[in-house]
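Single-structure report; data block below.
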Amino acid sequence: MATADFTRIASNIGALNALNSLKDVNTKLGIHQQRLATGQRINSAGDDPAGNTIANKLMARSEGMKTAQNNIADAKNLLAVADSGLGKMSDILVKMRNLAQTGASDTMGADERDALVKQMTSYAEQLDDLTKQTKWNNTTLLSTSALTFQTGADSSDTTQFTGLTGLDSAGLSVSISLTSASTASNFASFMTTVDTAINTVSSKIADVGKLINKLTFKEEQLAVAQVNVEASYNRIMNADMAMEQLEATKYSILQQTSTTMLAQANTAPQGVLSLFR
């Protein structure tokens, strides 16, 4: 800062110094007032270029984690639909097995076995309907080959599900080969087929349950991680309101004192007039 010489009045160095100080104070006061008004420490890239870059990346990751949590919730709902369908399928298969077991006894005559076959055929049709109707966004869940869920903020952070393949091969979308002329041995053989189907469905139910649990753990982990990322973003981007108010008060006082000093500096050259008396 230049030293003021009040005997040289063509340039009022003292006033210029006070004016520069006032401008600096006004700039700093404006920054803190803007932070108080917006609640943000960084209001433009120029405020903190590096911090702004880091904060934007943290925000993108935080939002990605929120979206991943929504995806997980949707995936769990999808699996709940599949689980419900599998549960009903298991119930139907148990009923079919009971009918086959009844027909495997020689206490049944041709008419009785014909009635059993008709009932099992009806159950088989219900299985077909169940397979077609258990859907999520037009995806037939009980016959899909594989599912991929986006369960993280990164594109590679996915959860795979092998799907529910194998249900058809277990004989679930069957036309019943039994007839009224079938023997007890034929019905007993069909019991084995149904047992295989029941085991397949039970295995798929277990797979669905394990994946739901896995997604629940992933969801909990994401919730904690997202809060931590949000905290990092908050520390960089958002203003400490107490500190900003303190700084604004300080610069408000300095603004008043700088204005007063500028006024005094403007009148200082008048002292030269005394040399002409």
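Ligands are numbered from 1 in the order shown, residues from 1 within each chain, and chains are lettered A, B, ... in the order they appear in the structure tokens.
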
Tell me, as a ChimeraX atom specification, which residues lie within 12 Å of A:Gln221, counting only C-alpha atoms; anything in the same chain fewer than 3 positions away does not count. /A:65-66,68-69,72,151-152,214-218,224-228

Run DSSP on the backbone and grab whatever in stretch 97-145 of chain A lands in alpha helix (DSSP H); send it over as a ChimeraX atom specification. /A:97-103,110-133

Could those selected residues go to a file with C-alpha atoms, as a PDB file, in the first residue's frame?
ATOM      1  CA  ARG A  97     -48.950 -85.450  -6.197  1.00  0.00           C
ATOM      2  CA  ASN A  98     -51.736 -86.314  -3.771  1.00  0.00           C
ATOM      3  CA  LEU A  99     -53.998 -87.213  -6.684  1.00  0.00           C
ATOM      4  CA  ALA A 100     -51.252 -89.313  -8.289  1.00  0.00           C
ATOM      5  CA  GLN A 101     -50.643 -91.061  -4.979  1.00  0.00           C
ATOM      6  CA  THR A 102     -54.344 -91.821  -4.678  1.00  0.00           C
ATOM      7  CA  GLY A 103     -54.380 -93.305  -8.187  1.00  0.00           C
ATOM      8  CA  ALA A 110     -61.184 -97.025 -13.918  1.00  0.00           C
ATOM      9  CA  ASP A 111     -63.905 -94.408 -13.285  1.00  0.00           C
ATOM     10  CA  GLU A 112     -62.141 -93.111 -10.174  1.00  0.00           C
ATOM     11  CA  ARG A 113     -58.803 -92.896 -12.001  1.00  0.00           C
ATOM     12  CA  ASP A 114     -60.499 -91.091 -14.895  1.00  0.00           C
ATOM     13  CA  ALA A 115     -61.762 -88.479 -12.417  1.00  0.00           C
ATOM     14  CA  LEU A 116     -58.256 -88.174 -10.942  1.00  0.00           C
ATOM     15  CA  VAL A 117     -56.732 -87.659 -14.393  1.00  0.00           C
ATOM     16  CA  LYS A 118     -59.264 -84.938 -15.231  1.00  0.00           C
ATOM     17  CA  GLN A 119     -58.483 -83.135 -11.981  1.00  0.00           C
ATOM     18  CA  MET A 120     -54.718 -83.370 -12.574  1.00  0.00           C
ATOM     19  CA  THR A 121     -55.201 -82.097 -16.125  1.00  0.00           C
ATOM     20  CA  SER A 122     -57.065 -79.109 -14.703  1.00  0.00           C
ATOM     21  CA  TYR A 123     -54.173 -78.499 -12.298  1.00  0.00           C
ATOM     22  CA  ALA A 124     -51.692 -78.713 -15.185  1.00  0.00           C
ATOM     23  CA  GLU A 125     -53.694 -76.037 -17.014  1.00  0.00           C
ATOM     24  CA  GLN A 126     -53.531 -73.879 -13.891  1.00  0.00           C
ATOM     25  CA  LEU A 127     -49.751 -74.281 -13.904  1.00  0.00           C
ATOM     26  CA  ASP A 128     -49.655 -73.064 -17.511  1.00  0.00           C
ATOM     27  CA  ASP A 129     -51.835 -70.063 -16.651  1.00  0.00           C
ATOM     28  CA  LEU A 130     -49.719 -69.311 -13.599  1.00  0.00           C
ATOM     29  CA  THR A 131     -46.548 -69.327 -15.690  1.00  0.00           C
ATOM     30  CA  LYS A 132     -48.089 -66.904 -18.187  1.00  0.00           C
ATOM     31  CA  GLN A 133     -49.625 -64.583 -15.603  1.00  0.00           C
TER      32      GLN A 133
END

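Here the question is which of A:Ala268, A:Leu86, A:Leu19, A:Leu275 gets nearest to A:Val201 using only C-alpha atoms, and that residue is A:Leu86.
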
Which residues in stretch 117-161 of chain A does DSSP call strand (DSSP E)? List them as a ChimeraX atom specification. /A:135-136,139-140,147-150,158-161

Okay, now the selection with C-alpha atoms, as an mmCIF file, in the first residue's frame?
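File produced: again27.cif:
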data_model
loop_
_atom_site.group_PDB
_atom_site.id
_atom_site.type_symbol
_atom_site.label_atom_id
_atom_site.label_comp_id
_atom_site.auth_asym_id
_atom_site.auth_seq_id
_atom_site.Cartn_x
_atom_site.Cartn_y
_atom_site.Cartn_z
ATOM 1 C CA LYS A 135 -45.213 -61.133 -14.961
ATOM 2 C CA TRP A 136 -43.280 -57.962 -14.243
ATOM 3 C CA THR A 139 -41.429 -60.230 -18.478
ATOM 4 C CA THR A 140 -42.739 -63.713 -17.760
ATOM 5 C CA LEU A 147 -32.146 -61.196 -14.821
ATOM 6 C CA THR A 148 -29.657 -58.386 -14.230
ATOM 7 C CA PHE A 149 -30.288 -55.738 -11.579
ATOM 8 C CA GLN A 150 -28.346 -52.451 -11.482
ATOM 9 C CA THR A 158 -24.853 -55.279 -10.856
ATOM 10 C CA THR A 159 -26.515 -58.293 -9.279
ATOM 11 C CA GLN A 160 -27.191 -61.324 -11.434
ATOM 12 C CA PHE A 161 -29.983 -63.838 -11.077
#

Spatial neighbours of stretch 48-61 of chain A, max dist 10 Å, only C-alpha atoms, sep filter under 2 positions, as a tab-separated table (two decimals) with C-alpha atoms, in the first residue's frame:
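Printed below is selection_33.tsv as written:
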chain	number	residue	atom	x	y	z
A	41	ARG	CA	-20.17	-22.21	0.14
A	42	ILE	CA	-19.55	-22.64	-3.59
A	43	ASN	CA	-21.89	-20.59	-5.77
A	44	SER	CA	-19.72	-20.51	-8.89
A	45	ALA	CA	-16.79	-22.50	-10.19
A	46	GLY	CA	-14.51	-19.56	-9.42
A	63	GLU	CA	-27.65	-39.60	-6.65
A	64	GLY	CA	-26.46	-42.83	-8.25
A	65	MET	CA	-26.63	-44.57	-4.89
A	66	LYS	CA	-30.16	-43.27	-4.35
A	67	THR	CA	-31.19	-44.62	-7.75
A	152	GLY	CA	-24.82	-49.80	-7.46
A	153	ALA	CA	-23.72	-46.34	-8.56
A	154	ASP	CA	-21.18	-47.79	-11.03
A	226	GLN	CA	-24.90	-42.71	0.49
A	229	VAL	CA	-20.98	-39.45	0.45
A	230	GLU	CA	-23.67	-36.84	1.10
A	231	ALA	CA	-21.77	-35.71	4.20
A	232	SER	CA	-18.59	-35.25	2.15
A	233	TYR	CA	-20.51	-33.25	-0.44
A	234	ASN	CA	-22.11	-31.15	2.29
A	235	ARG	CA	-18.74	-30.30	3.84
A	236	ILE	CA	-17.34	-29.08	0.52
A	237	MET	CA	-20.34	-27.44	-1.13
A	238	ASN	CA	-22.54	-26.07	1.65
